[in-house]
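Quick look at target.csv (CSV, C-alpha atoms):
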```
chain,number,residue,atom,x,y,z
A,631,MET,CA,0.0,0.0,0.0
A,632,SER,CA,1.3,3.4,-0.9
A,633,GLU,CA,1.6,6.4,1.5
A,634,GLU,CA,-1.2,8.0,-0.4
A,635,GLU,CA,-3.5,5.0,0.2
A,636,GLN,CA,-2.6,5.0,3.9
A,637,LEU,CA,-3.3,8.7,4.1
A,638,SER,CA,-6.7,8.1,2.5
A,639,PHE,CA,-7.6,5.6,5.2
A,640,THR,CA,-6.9,8.2,7.9
A,641,GLU,CA,-8.7,10.9,5.9
A,642,ALA,CA,-11.8,8.5,5.7
A,643,ILE,CA,-11.9,8.3,9.4
A,644,LEU,CA,-11.6,12.1,9.7
A,645,LYS,CA,-14.4,12.6,7.2
A,646,ALA,CA,-16.6,10.2,9.1
A,647,SER,CA,-15.8,11.7,12.5
A,648,PRO,CA,-19.0,13.7,12.8
A,649,SER,CA,-20.8,10.4,12.7
A,650,LEU,CA,-18.5,8.6,15.1
A,651,THR,CA,-19.9,8.2,18.6
A,652,ARG,CA,-19.9,5.7,21.4
A,653,PHE,CA,-22.1,3.3,19.6
A,654,PRO,CA,-24.7,1.3,21.6
A,655,LEU,CA,-24.7,-2.5,21.9
A,656,ILE,CA,-27.3,-4.7,20.2
A,657,SER,CA,-27.6,-8.4,20.9
A,658,ILE,CA,-26.8,-10.9,18.1
A,659,LYS,CA,-27.5,-14.5,19.0
A,660,GLY,CA,-27.0,-13.6,22.7
A,661,VAL,CA,-23.8,-11.6,22.2
A,662,PRO,CA,-23.8,-7.8,22.6
A,663,LEU,CA,-22.1,-6.2,19.5
A,664,LYS,CA,-21.8,-2.6,18.5
A,665,SER,CA,-24.8,-1.3,16.5
A,666,TYR,CA,-22.8,-0.8,13.3
A,667,ILE,CA,-21.8,-4.5,13.4
A,668,ALA,CA,-25.4,-5.7,14.2
A,669,ASP,CA,-26.8,-3.5,11.4
A,670,ASN,CA,-24.7,-5.4,8.9
A,671,TRP,CA,-24.9,-8.8,10.4
A,672,ASP,CA,-26.4,-10.7,7.5
A,673,ASP,CA,-23.5,-9.7,5.2
A,674,ILE,CA,-20.9,-10.7,7.9
A,675,TRP,CA,-22.6,-14.1,8.5
A,676,ALA,CA,-22.7,-14.8,4.7
A,677,PHE,CA,-19.0,-14.2,4.2
A,678,SER,CA,-17.2,-17.1,2.6
A,679,PRO,CA,-13.4,-17.2,2.9
A,680,ASP,CA,-10.9,-18.9,0.7
A,681,PRO,CA,-9.6,-22.1,2.1
A,682,SER,CA,-6.1,-20.6,2.2
A,683,ASP,CA,-7.2,-17.7,4.4
A,684,VAL,CA,-6.0,-17.6,8.0
A,685,LEU,CA,-8.3,-16.4,10.8
A,686,ILE,CA,-6.9,-14.8,14.0
A,687,ALA,CA,-9.5,-14.9,16.7
A,688,THR,CA,-9.4,-13.3,20.1
A,689,TYR,CA,-11.5,-11.7,22.8
A,690,PRO,CA,-10.6,-8.0,22.6
A,691,LYS,CA,-7.2,-7.1,24.2
A,692,ALA,CA,-5.9,-10.6,24.4
A,693,GLY,CA,-2.9,-10.3,22.1
A,694,THR,CA,-4.5,-9.8,18.7
A,695,THR,CA,-2.1,-7.2,17.3
A,696,TRP,CA,0.9,-9.2,18.6
A,697,THR,CA,-0.2,-12.4,16.9
A,698,GLN,CA,-1.0,-10.6,13.7
A,699,GLU,CA,2.5,-9.2,13.4
A,700,ILE,CA,4.0,-12.6,14.2
A,701,VAL,CA,2.0,-14.3,11.5
A,702,ASP,CA,2.8,-11.5,8.9
A,703,LEU,CA,6.5,-11.7,9.6
A,704,LEU,CA,6.4,-15.5,9.4
A,705,LEU,CA,4.7,-15.3,6.0
A,706,HIS,CA,7.2,-12.8,4.8
A,707,ASN,CA,10.3,-14.7,6.2
A,708,GLY,CA,11.1,-12.0,8.8
A,709,ASP,CA,11.1,-9.2,6.2
A,710,ALA,CA,10.5,-6.1,8.5
A,711,GLU,CA,10.1,-3.7,5.6
A,712,ALA,CA,7.5,-5.9,3.9
A,713,CYS,CA,5.5,-5.8,7.2
A,714,ARG,CA,5.6,-2.0,7.3
A,715,ARG,CA,3.7,-1.9,4.0
A,716,ALA,CA,0.6,-0.7,5.7
A,717,PRO,CA,-1.0,-0.2,9.2
A,718,MET,CA,-2.7,-3.1,11.0
A,719,PRO,CA,-6.3,-2.6,9.8
A,720,ILE,CA,-5.3,-2.6,6.2
A,721,ARG,CA,-3.0,-5.6,6.3
A,722,PHE,CA,-5.5,-7.6,8.4
A,723,PRO,CA,-9.1,-6.9,7.6
A,724,PHE,CA,-11.3,-6.9,10.7
A,725,LEU,CA,-14.0,-9.3,9.5
A,726,GLU,CA,-17.0,-7.8,11.4
A,727,ASN,CA,-15.8,-4.2,11.4
A,728,PHE,CA,-18.3,-1.6,10.1
A,729,TYR,CA,-18.1,2.1,10.6
A,730,PRO,CA,-20.0,5.0,8.9
A,731,PRO,CA,-18.8,5.7,5.3
A,732,PRO,CA,-16.4,6.5,3.9
A,733,ILE,CA,-14.4,4.3,6.3
A,734,PRO,CA,-14.0,0.9,4.5
A,735,SER,CA,-15.5,-2.1,6.3
A,736,GLY,CA,-13.6,-5.3,6.8
A,737,LEU,CA,-15.6,-6.9,4.1
A,738,ASP,CA,-14.8,-4.0,1.7
A,739,LEU,CA,-11.1,-4.5,2.3
A,740,LEU,CA,-11.3,-8.3,1.9
A,741,LYS,CA,-12.8,-7.8,-1.6
A,742,THR,CA,-9.7,-5.9,-2.7
A,743,MET,CA,-7.2,-8.6,-1.5
A,744,ASP,CA,-6.2,-11.8,-3.1
A,745,PRO,CA,-6.0,-15.0,-0.9
A,746,PRO,CA,-4.4,-16.0,1.2
A,747,ARG,CA,-5.5,-13.3,3.6
A,748,ILE,CA,-5.0,-12.9,7.3
A,749,ILE,CA,-8.4,-12.1,8.8
A,750,LYS,CA,-9.0,-10.7,12.3
A,751,THR,CA,-12.1,-11.3,14.4
A,752,HIS,CA,-13.3,-10.9,18.0
A,753,LEU,CA,-16.5,-12.9,17.3
A,754,ALA,CA,-17.4,-15.7,19.7
A,755,PHE,CA,-17.1,-19.1,18.2
A,756,HIS,CA,-20.8,-19.5,17.4
A,757,LEU,CA,-20.8,-16.2,15.5
A,758,VAL,CA,-18.0,-17.0,13.2
A,759,PRO,CA,-19.4,-17.4,9.7
A,760,PRO,CA,-19.8,-21.2,9.1
A,761,ALA,CA,-17.9,-21.1,5.8
A,762,PHE,CA,-14.7,-20.8,7.8
A,763,TRP,CA,-15.2,-24.3,9.2
A,764,GLU,CA,-16.7,-25.7,6.0
A,765,ASN,CA,-13.6,-24.5,4.0
A,766,LYS,CA,-11.3,-25.8,6.8
A,767,CYS,CA,-9.5,-22.4,7.2
A,768,LYS,CA,-6.6,-22.4,9.6
A,769,THR,CA,-7.6,-20.5,12.8
A,770,ILE,CA,-5.3,-19.2,15.5
A,771,TYR,CA,-7.0,-18.3,18.8
A,772,VAL,CA,-5.2,-16.4,21.6
A,773,ALA,CA,-6.6,-16.4,25.1
A,774,ARG,CA,-5.5,-14.1,28.0
A,775,ASN,CA,-6.2,-14.6,31.7
A,776,ALA,CA,-9.5,-13.0,32.7
A,777,LYS,CA,-8.1,-10.5,35.2
A,778,ASP,CA,-5.4,-9.0,32.9
A,779,ASN,CA,-7.7,-9.1,29.9
A,780,MET,CA,-10.3,-7.1,31.8
A,781,VAL,CA,-7.8,-4.5,32.9
A,782,SER,CA,-6.5,-4.0,29.4
A,783,TYR,CA,-10.0,-3.9,28.0
A,784,TYR,CA,-11.0,-1.2,30.5
A,785,TYR,CA,-8.2,1.1,29.4
A,786,PHE,CA,-9.0,0.4,25.8
A,787,ASP,CA,-12.7,1.2,26.2
A,788,ARG,CA,-11.7,4.5,27.8
A,789,MET,CA,-9.6,5.6,24.8
A,790,ASN,CA,-11.7,4.0,22.1
A,791,LEU,CA,-14.3,6.7,21.5
A,792,THR,CA,-16.5,4.4,19.5
A,793,ALA,CA,-16.9,1.9,22.4
A,794,PRO,CA,-19.7,2.3,25.0
A,795,GLU,CA,-18.6,4.5,27.9
A,796,PRO,CA,-16.8,2.2,30.4
A,797,GLY,CA,-17.6,4.2,33.5
A,798,PRO,CA,-15.5,3.8,36.6
A,799,TRP,CA,-13.4,0.7,37.3
A,800,GLU,CA,-15.6,-0.3,40.1
A,801,GLY,CA,-18.6,-0.6,37.8
A,802,TYR,CA,-16.6,-2.2,34.9
A,803,MET,CA,-15.8,-5.4,36.7
A,804,PRO,CA,-19.5,-6.5,37.2
A,805,LYS,CA,-20.2,-5.7,33.5
A,806,PHE,CA,-17.2,-7.9,32.5
A,807,MET,CA,-18.4,-10.7,34.8
A,808,ARG,CA,-22.0,-10.5,33.4
A,809,GLY,CA,-20.7,-10.4,29.7
A,810,GLU,CA,-22.2,-7.0,29.1
A,811,LEU,CA,-19.3,-5.6,27.2
A,812,ALA,CA,-18.8,-5.4,23.4
A,813,TRP,CA,-18.3,-9.0,22.0
A,814,GLY,CA,-19.9,-10.5,25.1
A,815,SER,CA,-18.7,-12.8,27.8
A,816,TRP,CA,-15.0,-13.5,28.1
A,817,TYR,CA,-16.0,-16.9,29.7
A,818,ASP,CA,-18.2,-18.0,26.8
A,819,HIS,CA,-15.6,-16.8,24.3
A,820,VAL,CA,-12.6,-18.7,25.7
A,821,LYS,CA,-14.6,-21.8,26.3
A,822,GLY,CA,-16.3,-21.8,22.9
A,823,TYR,CA,-13.0,-22.0,21.0
A,824,TRP,CA,-11.4,-24.3,23.6
A,825,LEU,CA,-14.2,-26.9,23.3
A,826,GLU,CA,-13.9,-26.9,19.4
A,827,ARG,CA,-10.2,-26.6,19.1
A,828,GLU,CA,-9.5,-30.3,18.2
A,829,LYS,CA,-12.5,-30.8,15.9
A,830,LYS,CA,-11.9,-27.6,14.0
A,831,ASN,CA,-8.1,-27.8,14.0
A,832,ILE,CA,-7.7,-24.5,16.0
A,833,LEU,CA,-4.3,-23.5,17.3
A,834,TYR,CA,-5.2,-22.4,20.8
A,835,LEU,CA,-2.5,-20.1,22.3
A,836,PHE,CA,-2.1,-18.4,25.7
A,837,TYR,CA,-0.9,-14.9,26.1
A,838,GLU,CA,1.0,-15.9,29.2
A,839,ASP,CA,2.9,-18.6,27.3
A,840,MET,CA,3.8,-16.1,24.6
A,841,LYS,CA,5.2,-13.7,27.2
A,842,GLU,CA,7.1,-16.5,29.0
A,843,ASN,CA,8.7,-18.0,26.0
A,844,PRO,CA,8.0,-16.1,22.8
A,845,ARG,CA,10.3,-18.1,20.6
A,846,ARG,CA,8.6,-21.4,21.5
A,847,GLU,CA,5.2,-19.9,20.6
A,848,VAL,CA,6.4,-18.3,17.4
A,849,GLU,CA,7.7,-21.8,16.4
A,850,ARG,CA,4.4,-23.3,17.2
A,851,ILE,CA,2.6,-20.8,14.9
A,852,MET,CA,5.2,-21.5,12.2
A,853,ARG,CA,4.6,-25.3,12.3
A,854,TYR,CA,0.8,-24.8,12.3
A,855,LEU,CA,1.1,-22.7,9.2
A,856,ASP,CA,3.3,-25.4,7.6
A,857,LEU,CA,6.2,-23.1,7.2
A,858,SER,CA,9.9,-23.8,7.6
A,859,ILE,CA,12.0,-20.8,8.7
A,860,SER,CA,15.6,-20.6,9.8
A,861,ASP,CA,16.6,-20.2,13.5
A,862,GLU,CA,18.2,-16.9,12.6
A,863,VAL,CA,14.9,-15.5,11.1
A,864,ILE,CA,12.9,-16.8,14.0
A,865,SER,CA,15.2,-14.9,16.4
A,866,GLN,CA,14.6,-11.8,14.3
A,867,ILE,CA,10.9,-12.2,14.4
A,868,VAL,CA,10.9,-12.6,18.2
A,869,GLU,CA,12.9,-9.3,18.4
A,870,LEU,CA,10.6,-7.5,16.0
A,871,THR,CA,7.5,-8.5,17.9
A,872,SER,CA,8.8,-7.6,21.3
A,873,PHE,CA,6.5,-5.1,23.1
A,874,LYS,CA,9.1,-2.4,23.0
A,875,ILE,CA,9.7,-2.6,19.2
A,876,MET,CA,5.9,-2.9,18.4
A,877,LYS,CA,5.1,0.1,20.7
A,878,GLU,CA,7.5,2.2,18.6
A,879,ASN,CA,6.4,0.9,15.2
A,880,PRO,CA,3.8,3.2,13.6
A,881,MET,CA,2.4,0.3,11.6
A,882,THR,CA,1.5,-1.6,14.9
A,883,ASN,CA,0.9,1.0,17.6
A,884,TYR,CA,-2.3,2.5,16.0
A,885,SER,CA,-0.8,6.0,16.1
A,886,PHE,CA,-2.3,6.5,12.6
A,887,MET,CA,-5.8,6.4,14.1
A,888,PRO,CA,-7.0,10.0,14.6
A,889,VAL,CA,-8.4,11.2,18.0
A,890,PRO,CA,-12.1,11.1,17.0
A,891,MET,CA,-11.6,7.3,17.1
A,892,PHE,CA,-8.7,6.5,19.4
A,893,ASP,CA,-7.6,9.1,21.9
A,894,GLN,CA,-4.2,7.9,23.0
A,895,THR,CA,-3.8,10.9,25.4
A,896,ILE,CA,-6.3,9.0,27.6
A,897,SER,CA,-4.4,5.7,27.4
A,898,PRO,CA,-2.0,4.3,24.8
A,899,PHE,CA,-3.2,1.5,22.5
A,900,MET,CA,-0.2,-0.4,23.6
A,901,ARG,CA,-0.1,0.2,27.3
A,902,LYS,CA,2.0,-2.3,29.3
A,903,GLY,CA,1.8,-5.7,27.7
A,904,ILE,CA,2.6,-7.6,30.9
A,905,VAL,CA,1.2,-10.5,32.9
A,906,GLY,CA,0.0,-9.6,36.4
A,907,ASP,CA,-0.9,-6.0,36.0
A,908,TRP,CA,-4.3,-6.9,37.5
A,909,ARG,CA,-2.7,-6.8,40.9
A,910,ASN,CA,-2.3,-3.0,40.5
A,911,HIS,CA,-6.1,-2.7,40.1
A,912,PHE,CA,-8.0,-5.3,42.1
A,913,THR,CA,-8.7,-4.6,45.8
A,914,PRO,CA,-8.7,-7.7,48.1
A,915,GLU,CA,-12.5,-7.6,48.1
A,916,GLN,CA,-12.7,-7.4,44.3
A,917,THR,CA,-10.3,-10.3,44.0
A,918,LYS,CA,-12.4,-12.4,46.4
A,919,THR,CA,-15.7,-11.6,44.5
A,920,PHE,CA,-14.1,-12.2,41.1
A,921,ASP,CA,-12.4,-15.5,42.1
A,922,GLU,CA,-15.7,-16.9,43.5
A,923,ASP,CA,-17.6,-15.9,40.3
A,924,TYR,CA,-14.8,-17.2,38.1
A,925,LYS,CA,-14.9,-20.6,39.8
A,926,LYS,CA,-18.7,-20.9,39.0
A,927,GLN,CA,-18.4,-19.7,35.4
A,928,MET,CA,-15.5,-22.0,34.6
A,929,LYS,CA,-16.5,-25.1,36.5
A,930,ASP,CA,-17.4,-27.0,33.4
A,931,VAL,CA,-13.9,-26.7,31.8
A,932,ASN,CA,-10.3,-27.0,32.7
A,933,ILE,CA,-8.5,-24.4,30.7
A,934,PRO,CA,-4.9,-23.8,32.1
A,935,PHE,CA,-4.9,-20.0,32.6
A,936,ARG,CA,-2.2,-18.3,34.6
A,937,THR,CA,-2.5,-14.9,36.3
A,938,ASN,CA,1.2,-14.8,36.9
A,939,ILE,CA,4.4,-16.1,35.2
```

Here is a file; write its structure as structure tokens.
Amino acid sequence: MSEEEQLSFTEAILKASPSLTRFPLISIKGVPLKSYIADNWDDIWAFSPDPSDVLIATYPKAGTTWTQEIVDLLLHNGDAEACRRAPMPIRFPFLENFYPPPIPSGLDLLKTMDPPRIIKTHLAFHLVPPAFWENKCKTIYVARNAKDNMVSYYYFDRMNLTAPEPGPWEGYMPKFMRGELAWGSWYDHVKGYWLEREKKNILYLFYEDMKENPRREVERIMRYLDLSISDEVISQIVELTSFKIMKENPMTNYSFMPVPMFDQTISPFMRKGIVGDWRNHFTPEQTKTFDEDYKKQMKDVNIPFRTNI
């Protein structure tokens, strides 16, 4: 993508800015989604990917951008310049993303790209268009422990001016526990993909594992994608996808998004990228309440989440 095309993407957001607002949530099959997604649901559900397309699925703020950059670098054999060809939303169409015109939707962008494409989604498993499974597309799912995921999502909802107003932290936790945030229940989300991972050949990754040993997880992704890359290039990819490098990379840090959409003076898009930050936010009473509720909601599965590494 040329600089001119990148500029036109930012200009489209600025042109649409009078229509941008904190959009309300509308339930689709039991999951609250932003109204502009719900209004276009039939088109999203009908999308049919190419069998060569790769789907990267996450609950919001669980390591999506990190995983996208790893996959792009793997597919380009560690070529950093090739992966600076365009910002994240252009390289990886966001399947269900719809905003007011002239901002291009995820489906609009997909129409302009030849397969294989890397497609991003935050949709719960049962909302993913069935053609992804019918066409046996490779799917990478990244899960992050609930406590850190909630903290990161809270800060994101504060700076994302198209998200519902998050309100104070004290009130955000109950909404998270009840699944009342955009894209629904974290609990249902992580369980949905976990229970289908073997049947649908989903590579299920954990954010905490990626932080603990990024090289090991990059190699797992490489093997899943049927790639063979030298140890030297793998080392380069691990370095290029470190939090520090990505936070400074204008193609990954979302600095190209204008303030009417993302106000990074409130909170940076890439904030801390650590495991255990929840300890700086949860009071002992909140920890007790959350842990009791977590035990009830996750009693039917044994997903090995870690809140510290």

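Nearest residue to Leu835 in chain A among A:Leu644, A:Cys767, A:Ile933, A:Val684 is A:Ile933, counting only C-alpha atoms.
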
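In this model, the gap between CA of Thr688 in chain A and CA of Pro731 in chain A comes to 25.9 Å.
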
Return as JSON lines the residues of range 640-683 of chain A lying at most 12 Å from range 795-817 of chain A, together with the closest atom-to-atom pair for each and the distance in Å to one decimal, counting all atoms listed in the file, with rows in chain order and ascending residue number.
```
{"residue": "A:Thr651", "atom": "CA", "partner": "A:Glu795", "partner_atom": "CA", "distance": 10.1}
{"residue": "A:Arg652", "atom": "CA", "partner": "A:Glu795", "partner_atom": "CA", "distance": 6.7}
{"residue": "A:Phe653", "atom": "CA", "partner": "A:Glu795", "partner_atom": "CA", "distance": 9.1}
{"residue": "A:Pro654", "atom": "CA", "partner": "A:Ala812", "partner_atom": "CA", "distance": 9.1}
{"residue": "A:Leu655", "atom": "CA", "partner": "A:Ala812", "partner_atom": "CA", "distance": 6.7}
{"residue": "A:Ile656", "atom": "CA", "partner": "A:Ala812", "partner_atom": "CA", "distance": 9.1}
{"residue": "A:Ser657", "atom": "CA", "partner": "A:Gly814", "partner_atom": "CA", "distance": 9.0}
{"residue": "A:Ile658", "atom": "CA", "partner": "A:Trp813", "partner_atom": "CA", "distance": 9.5}
{"residue": "A:Lys659", "atom": "CA", "partner": "A:Gly814", "partner_atom": "CA", "distance": 10.5}
{"residue": "A:Gly660", "atom": "CA", "partner": "A:Gly814", "partner_atom": "CA", "distance": 8.1}
{"residue": "A:Val661", "atom": "CA", "partner": "A:Gly814", "partner_atom": "CA", "distance": 5.0}
{"residue": "A:Pro662", "atom": "CA", "partner": "A:Gly814", "partner_atom": "CA", "distance": 5.4}
{"residue": "A:Leu663", "atom": "CA", "partner": "A:Ala812", "partner_atom": "CA", "distance": 5.2}
{"residue": "A:Lys664", "atom": "CA", "partner": "A:Ala812", "partner_atom": "CA", "distance": 6.4}
{"residue": "A:Ser665", "atom": "CA", "partner": "A:Ala812", "partner_atom": "CA", "distance": 10.0}
{"residue": "A:Tyr666", "atom": "CA", "partner": "A:Ala812", "partner_atom": "CA", "distance": 11.8}
{"residue": "A:Ile667", "atom": "CA", "partner": "A:Trp813", "partner_atom": "CA", "distance": 10.3}
{"residue": "A:Ala668", "atom": "CA", "partner": "A:Trp813", "partner_atom": "CA", "distance": 11.1}
```

Taking (-6.4, -7.5, 27.6) in the file's coordinates, which residues come within 12 Å, counting all atoms listed in the file, written as a PDB file with C-alpha atoms, in the coordinates of the input?
```pdb
ATOM      1  CA  THR A 688      -9.400 -13.300  20.100  1.00  0.00           C
ATOM      2  CA  TYR A 689     -11.500 -11.700  22.800  1.00  0.00           C
ATOM      3  CA  PRO A 690     -10.600  -8.000  22.600  1.00  0.00           C
ATOM      4  CA  LYS A 691      -7.200  -7.100  24.200  1.00  0.00           C
ATOM      5  CA  ALA A 692      -5.900 -10.600  24.400  1.00  0.00           C
ATOM      6  CA  GLY A 693      -2.900 -10.300  22.100  1.00  0.00           C
ATOM      7  CA  THR A 694      -4.500  -9.800  18.700  1.00  0.00           C
ATOM      8  CA  THR A 695      -2.100  -7.200  17.300  1.00  0.00           C
ATOM      9  CA  TRP A 696       0.900  -9.200  18.600  1.00  0.00           C
ATOM     10  CA  VAL A 772      -5.200 -16.400  21.600  1.00  0.00           C
ATOM     11  CA  ALA A 773      -6.600 -16.400  25.100  1.00  0.00           C
ATOM     12  CA  ARG A 774      -5.500 -14.100  28.000  1.00  0.00           C
ATOM     13  CA  ASN A 775      -6.200 -14.600  31.700  1.00  0.00           C
ATOM     14  CA  ALA A 776      -9.500 -13.000  32.700  1.00  0.00           C
ATOM     15  CA  LYS A 777      -8.100 -10.500  35.200  1.00  0.00           C
ATOM     16  CA  ASP A 778      -5.400  -9.000  32.900  1.00  0.00           C
ATOM     17  CA  ASN A 779      -7.700  -9.100  29.900  1.00  0.00           C
ATOM     18  CA  MET A 780     -10.300  -7.100  31.800  1.00  0.00           C
ATOM     19  CA  VAL A 781      -7.800  -4.500  32.900  1.00  0.00           C
ATOM     20  CA  SER A 782      -6.500  -4.000  29.400  1.00  0.00           C
ATOM     21  CA  TYR A 783     -10.000  -3.900  28.000  1.00  0.00           C
ATOM     22  CA  TYR A 784     -11.000  -1.200  30.500  1.00  0.00           C
ATOM     23  CA  TYR A 785      -8.200   1.100  29.400  1.00  0.00           C
ATOM     24  CA  PHE A 786      -9.000   0.400  25.800  1.00  0.00           C
ATOM     25  CA  ASP A 787     -12.700   1.200  26.200  1.00  0.00           C
ATOM     26  CA  PHE A 806     -17.200  -7.900  32.500  1.00  0.00           C
ATOM     27  CA  TRP A 816     -15.000 -13.500  28.100  1.00  0.00           C
ATOM     28  CA  PHE A 836      -2.100 -18.400  25.700  1.00  0.00           C
ATOM     29  CA  TYR A 837      -0.900 -14.900  26.100  1.00  0.00           C
ATOM     30  CA  GLU A 838       1.000 -15.900  29.200  1.00  0.00           C
ATOM     31  CA  PHE A 899      -3.200   1.500  22.500  1.00  0.00           C
ATOM     32  CA  MET A 900      -0.200  -0.400  23.600  1.00  0.00           C
ATOM     33  CA  ARG A 901      -0.100   0.200  27.300  1.00  0.00           C
ATOM     34  CA  LYS A 902       2.000  -2.300  29.300  1.00  0.00           C
ATOM     35  CA  GLY A 903       1.800  -5.700  27.700  1.00  0.00           C
ATOM     36  CA  ILE A 904       2.600  -7.600  30.900  1.00  0.00           C
ATOM     37  CA  VAL A 905       1.200 -10.500  32.900  1.00  0.00           C
ATOM     38  CA  GLY A 906       0.000  -9.600  36.400  1.00  0.00           C
ATOM     39  CA  ASP A 907      -0.900  -6.000  36.000  1.00  0.00           C
ATOM     40  CA  TRP A 908      -4.300  -6.900  37.500  1.00  0.00           C
TER      41      TRP A 908
END
```

I'd like a table as a tab-separated table: residues in range 738-848 of chain A with an atom no more than 10 Å from range 864-880 of chain A, each row giving the shortest atom pair and its distance in Å to one decimal, only C-alpha atoms counted, sorted by chain and rising residue number.
```
residue	atom	partner	partner_atom	distance
A:Lys841	CA	A:Ser872	CA	9.2
A:Asn843	CA	A:Val868	CA	9.7
A:Pro844	CA	A:Val868	CA	6.5
A:Arg845	CA	A:Val868	CA	6.0
A:Arg846	CA	A:Val868	CA	9.7
A:Glu847	CA	A:Val868	CA	9.6
A:Val848	CA	A:Val868	CA	7.3
```

Exercise. Quick one: everything within 12 Å of Ala642 in chain A, counting all atoms listed in the file, minus sequence neighbours fewer than 2 positions away in the same chain. Send it as a PyMOL selection string.
Key: chain A and resi 635-640+644-650+729-735+886-888+890-891

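What separates CA of Pro723 in chain A from CA of Thr697 in chain A is a distance of 14.0 Å.
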
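Atom to atom, CA of Tyr834 in chain A and CA of Tyr771 in chain A stand 4.9 Å apart.
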
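The nearest approach to Asn938 in chain A among the residues A:Glu849, A:Asp839, A:Leu740, A:Lys918, with all atoms listed in the file taken into account, belongs to A:Asp839.
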
Quiz prompt | Residue list as an NGL selection string for point (1.2, -19.3, 15.1), cut-off 8 Å, only C-alpha atoms | solution = :A and (697 or 700-701 or 770 or 833 or 847-855)
